[in-house]
Amino acid sequence: MASSAESTFPTLPHLLVNISPPEITKRRSTTWSGFRGETVQITRHTQFEYGFRAPWHLLIAAEVAERYDGESFVEGLPRSTLRDFTHKLTFVPAGHDFRGWQRPRALTHTTYFYIDPSGPLADPALRFEEIEFKPRLFFYDRDLWQTALKLKSVIENASTTHRQYAEALGIVLTHELVRFNGDTEPHQPVSRGGLAFWQQKRVAAYVEEHVADDIPLATLAELARLSPYHFSRSFKRSFGLPPHRYHATRRIERAKQLLANRERSVTAIALEVGFSDTSTFTSAFHKLTGETPSYYRRRLD
């Protein structure tokens, strides 16, 4: 289970976001393997100030954040006086200054994630500690937000959450941050153009051979001799689509070929290309082509 007793992450007060006056806050945190998560609630409609600067990255997820007045600042960006930043994220790279003040209109509820750049949660292949992250103030990214919400649940249920799950989410978060930063890892293990020709050929052939099967990402990555994370990025550069969408496209293309044979029913074709029923097949076919399988078949006349 995730607990502060299992972590070597520093607990000195100045390494956390400082909020003044402190008596208007309700804070709850948990730590593990170079990562700390902290939920903070403002309990009174009182003007307050905040500040942070430390050798750790800070990701802020604001679930409730409305103010009558105030200002927020992240070093390297213009100041913001945005009044409502509910469901917004902020990222403060290690060593950057973050500060501001506000007169709350709603009682603020925020989650802070403190990430050690050289911590053990980061995949060594990312060279996470070498990346020059860009500061971000009041943005939204769906995948990053969803991961933050899952981690918030870990903080709130630390006594019942398995440590392995918490650490897995921490790993996902580091990958999400790298992705959102603009895919800027140094020393890429693959060319900037994507997969090598032999990798493309091998993976494409496997997909065609198993087009009706559920193909795990790890299986395709192993064929290309890459980690799943780097494979996904490189595959998209080469094919223009993520692996799962490419697979779905090839499945529908196979279905189109089979629909030309009018002796085969739509139901039989759906099963042959890997769908469990006709309605799921029809929905997937329409999503990619804008037509139903039956209409597509009639157009072949």
# chains A, B, ... in the order shown; residues from 1 in each chain; ligands from 1
>>> residues_around(residues="Lys201 of chain A", least_positions_apart="6", cutoff="12 Å", atoms="only C-alpha atoms", output="PDB file with C-alpha atoms, in the first residue's frame")
ATOM      1  CA  LEU A 195       9.922   2.704 -37.470  1.00  0.00           C
ATOM      2  CA  VAL A 207      -1.606  -7.352 -38.348  1.00  0.00           C
ATOM      3  CA  GLU A 208      -2.829  -8.670 -41.701  1.00  0.00           C
ATOM      4  CA  LEU A 220       3.501  -5.617 -31.766  1.00  0.00           C
ATOM      5  CA  LEU A 223       8.000  -7.698 -33.005  1.00  0.00           C
ATOM      6  CA  ALA A 224       9.649  -4.299 -33.512  1.00  0.00           C
ATOM      7  CA  PHE A 235       4.314   3.558 -35.218  1.00  0.00           C
ATOM      8  CA  SER A 238       5.325   5.833 -39.736  1.00  0.00           C
ATOM      9  CA  PHE A 239       1.680   4.928 -40.349  1.00  0.00           C
TER      10      PHE A 239
END
>>> closest_atom_pairs(of="segment 168-232 of chain A", to="segment 94-115 of chain A", cutoff="10 Å", atoms="only C-alpha atoms", output="tab-separated table")
residue	atom	partner	partner_atom	distance
A:Gly170	CA	A:Ile115	CA	8.8
A:Leu173	CA	A:Ile115	CA	9.5
A:Thr174	CA	A:Ile115	CA	8.5
>>> write_last_selection(atoms="C-alpha atoms", output="PDB file, in the first residue's frame")
ATOM      1  CA  GLY A 170       2.892   7.317 -11.283  1.00  0.00           C
ATOM      2  CA  LEU A 173       1.862  10.138 -15.306  1.00  0.00           C
ATOM      3  CA  THR A 174       5.529  10.522 -16.252  1.00  0.00           C
TER       4      THR A 174
END
>>> atom_distance(atom1="atom CA of Asn181 of chain A", atom2="atom CA of Glu129 of chain A")
13.5 Å
>>> select_by_dssp(residues="segment 21-157 of chain A", states="helix (DSSP H, G or I)", output="ChimeraX atom specification")
/A:22-24,124-126,128-130,142-156
>>> residues_around(residues="Phe73 of chain A", least_positions_apart="4", cutoff="12 Å", atoms="only C-alpha atoms", output="list in words")
Glu49, Tyr50, Gly51, Phe52, Arg53, Leu77, Pro78, Arg79, Ser80, Thr81, Leu82, Thr90, Phe91, Val92, His96, Asp97, Phe98, Arg99, Gly100, Trp101, Gln102, Pro135, Arg136, Leu137 and Phe138 of chain A
>>> residues_around(residues="segment 271-284 of chain A", least_positions_apart="5", cutoff="8 Å", atoms="only C-alpha atoms", output="list in words")
Val211, Ala212, Asp213, Asp214, Arg251, Ile252, Arg254, Ala255, Val266, Thr292 and Pro293 of chain A
>>> residues_around(residues="Pro228 of chain A", least_positions_apart="5", cutoff="12 Å", atoms="only C-alpha atoms", output="CSV table (one decimal) with N, CA, C and O atoms, in the first residue's frame")
chain,number,residue,atom,x,y,z
A,123,ASP,N,10.5,5.7,-16.3
A,123,ASP,CA,11.0,4.7,-17.1
A,123,ASP,C,12.5,5.1,-17.6
A,123,ASP,O,12.6,6.2,-18.1
A,125,ALA,N,14.2,4.4,-20.0
A,125,ALA,CA,14.3,4.7,-21.4
A,125,ALA,C,13.9,6.1,-21.7
A,125,ALA,O,14.3,6.7,-22.8
A,175,HIS,N,4.9,9.4,-18.3
A,175,HIS,CA,4.8,9.2,-19.7
A,175,HIS,C,3.8,10.3,-20.3
A,175,HIS,O,4.1,10.8,-21.4
A,216,PRO,N,-2.5,-7.5,-28.6
A,216,PRO,CA,-2.0,-6.7,-27.6
A,216,PRO,C,-0.9,-5.8,-28.1
A,216,PRO,O,-0.1,-6.2,-29.0
A,217,LEU,N,-0.8,-4.6,-27.6
A,217,LEU,CA,0.2,-3.6,-28.0
A,217,LEU,C,1.6,-4.2,-27.7
A,217,LEU,O,2.5,-4.0,-28.5
A,218,ALA,N,1.7,-4.9,-26.6
A,218,ALA,CA,3.0,-5.5,-26.3
A,218,ALA,C,3.5,-6.5,-27.3
A,218,ALA,O,4.7,-6.6,-27.5
A,219,THR,N,2.6,-7.2,-28.0
A,219,THR,CA,3.0,-8.2,-29.0
A,219,THR,C,3.6,-7.5,-30.2
A,219,THR,O,4.6,-7.9,-30.7
A,220,LEU,N,3.0,-6.4,-30.6
A,220,LEU,CA,3.5,-5.6,-31.8
A,220,LEU,C,4.8,-5.0,-31.4
A,220,LEU,O,5.8,-4.9,-32.2
A,221,ALA,N,4.9,-4.4,-30.2
A,221,ALA,CA,6.2,-3.8,-29.8
A,221,ALA,C,7.3,-4.8,-29.7
A,221,ALA,O,8.4,-4.5,-30.1
A,222,GLU,N,7.0,-6.0,-29.3
A,222,GLU,CA,8.0,-7.1,-29.3
A,222,GLU,C,8.5,-7.4,-30.7
A,222,GLU,O,9.7,-7.6,-30.9
A,223,LEU,N,7.6,-7.4,-31.6
A,223,LEU,CA,8.0,-7.7,-33.0
A,223,LEU,C,9.0,-6.6,-33.5
A,223,LEU,O,9.9,-7.0,-34.3
A,233,ARG,N,4.7,5.6,-30.3
A,233,ARG,CA,5.1,6.8,-30.8
A,233,ARG,C,5.7,6.7,-32.2
A,233,ARG,O,5.3,7.4,-33.2
A,234,SER,N,6.5,5.7,-32.4
A,234,SER,CA,7.2,5.5,-33.7
A,234,SER,C,6.2,5.0,-34.7
A,234,SER,O,6.3,5.3,-35.9
A,235,PHE,N,5.3,4.1,-34.3
A,235,PHE,CA,4.3,3.6,-35.2
A,235,PHE,C,3.5,4.7,-35.8
A,235,PHE,O,3.2,4.7,-37.0
A,242,PRO,N,-2.4,5.7,-34.6
A,242,PRO,CA,-2.0,4.8,-33.5
A,242,PRO,C,-2.2,3.3,-33.9
A,242,PRO,O,-3.0,3.0,-34.7
A,243,PRO,N,-1.5,2.4,-33.2
A,243,PRO,CA,-1.6,1.0,-33.6
A,243,PRO,C,-3.0,0.5,-33.6
A,243,PRO,O,-3.5,-0.3,-34.5
>>> atom_distance(atom1="atom CA of Ile171 of chain A", atom2="atom CA of Ala204 of chain A")
28.8 Å
>>> residues_around(residues="segment 147-162 of chain A", least_positions_apart="4", cutoff="8 Å", atoms="only C-alpha atoms", output="count of residues only")
17
>>> residues_around(residues="Leu300 of chain A", least_positions_apart="6", cutoff="12 Å", atoms="only C-alpha atoms", output="CSV table (one decimal) with N, CA, C and O atoms, in the first residue's frame")
chain,number,residue,atom,x,y,z
A,256,LYS,N,-14.5,-5.1,-46.3
A,256,LYS,CA,-14.9,-4.5,-47.6
A,256,LYS,C,-14.7,-5.6,-48.7
A,256,LYS,O,-15.5,-5.8,-49.6
A,257,GLN,N,-13.5,-6.2,-48.6
A,257,GLN,CA,-13.2,-7.3,-49.6
A,257,GLN,C,-14.2,-8.4,-49.5
A,257,GLN,O,-14.7,-8.9,-50.5
A,258,LEU,N,-14.6,-8.8,-48.3
A,258,LEU,CA,-15.5,-9.9,-48.1
A,258,LEU,C,-16.9,-9.5,-48.5
A,258,LEU,O,-17.7,-10.4,-49.0
A,259,LEU,N,-17.3,-8.3,-48.4
A,259,LEU,CA,-18.6,-7.8,-48.7
A,259,LEU,C,-18.9,-7.9,-50.2
A,259,LEU,O,-20.0,-7.9,-50.7
A,260,ALA,N,-17.8,-8.0,-51.0
A,260,ALA,CA,-18.0,-8.1,-52.5
A,260,ALA,C,-18.5,-9.5,-52.8
A,260,ALA,O,-19.1,-9.6,-53.9
A,261,ASN,N,-18.4,-10.4,-51.9
A,261,ASN,CA,-18.9,-11.8,-52.2
A,261,ASN,C,-20.4,-11.8,-51.6
A,261,ASN,O,-20.5,-11.9,-50.4
A,262,ARG,N,-21.4,-11.8,-52.4
A,262,ARG,CA,-22.7,-11.7,-51.9
A,262,ARG,C,-23.3,-13.0,-51.4
A,262,ARG,O,-24.4,-13.0,-50.8
A,293,PRO,N,-22.5,-1.5,-43.6
A,293,PRO,CA,-22.0,-2.6,-44.4
A,293,PRO,C,-23.0,-2.9,-45.6
A,293,PRO,O,-22.6,-3.1,-46.7
A,294,SER,N,-24.3,-2.9,-45.2
A,294,SER,CA,-25.3,-3.2,-46.2
A,294,SER,C,-25.4,-2.1,-47.3
A,294,SER,O,-25.5,-2.5,-48.5
>>> atom_distance(atom1="atom CA of Tyr140 of chain A", atom2="atom CA of Arg179 of chain A")
13.7 Å
>>> select_by_dssp(residues="segment 15-241 of chain A", states="strand (DSSP E or B)", output="PyMOL selection string")
chain A and resi 18-20+25-32+35-42+48-52+57-64+66-74+80+84+88-92+98-104+109-115+136-139+191+194
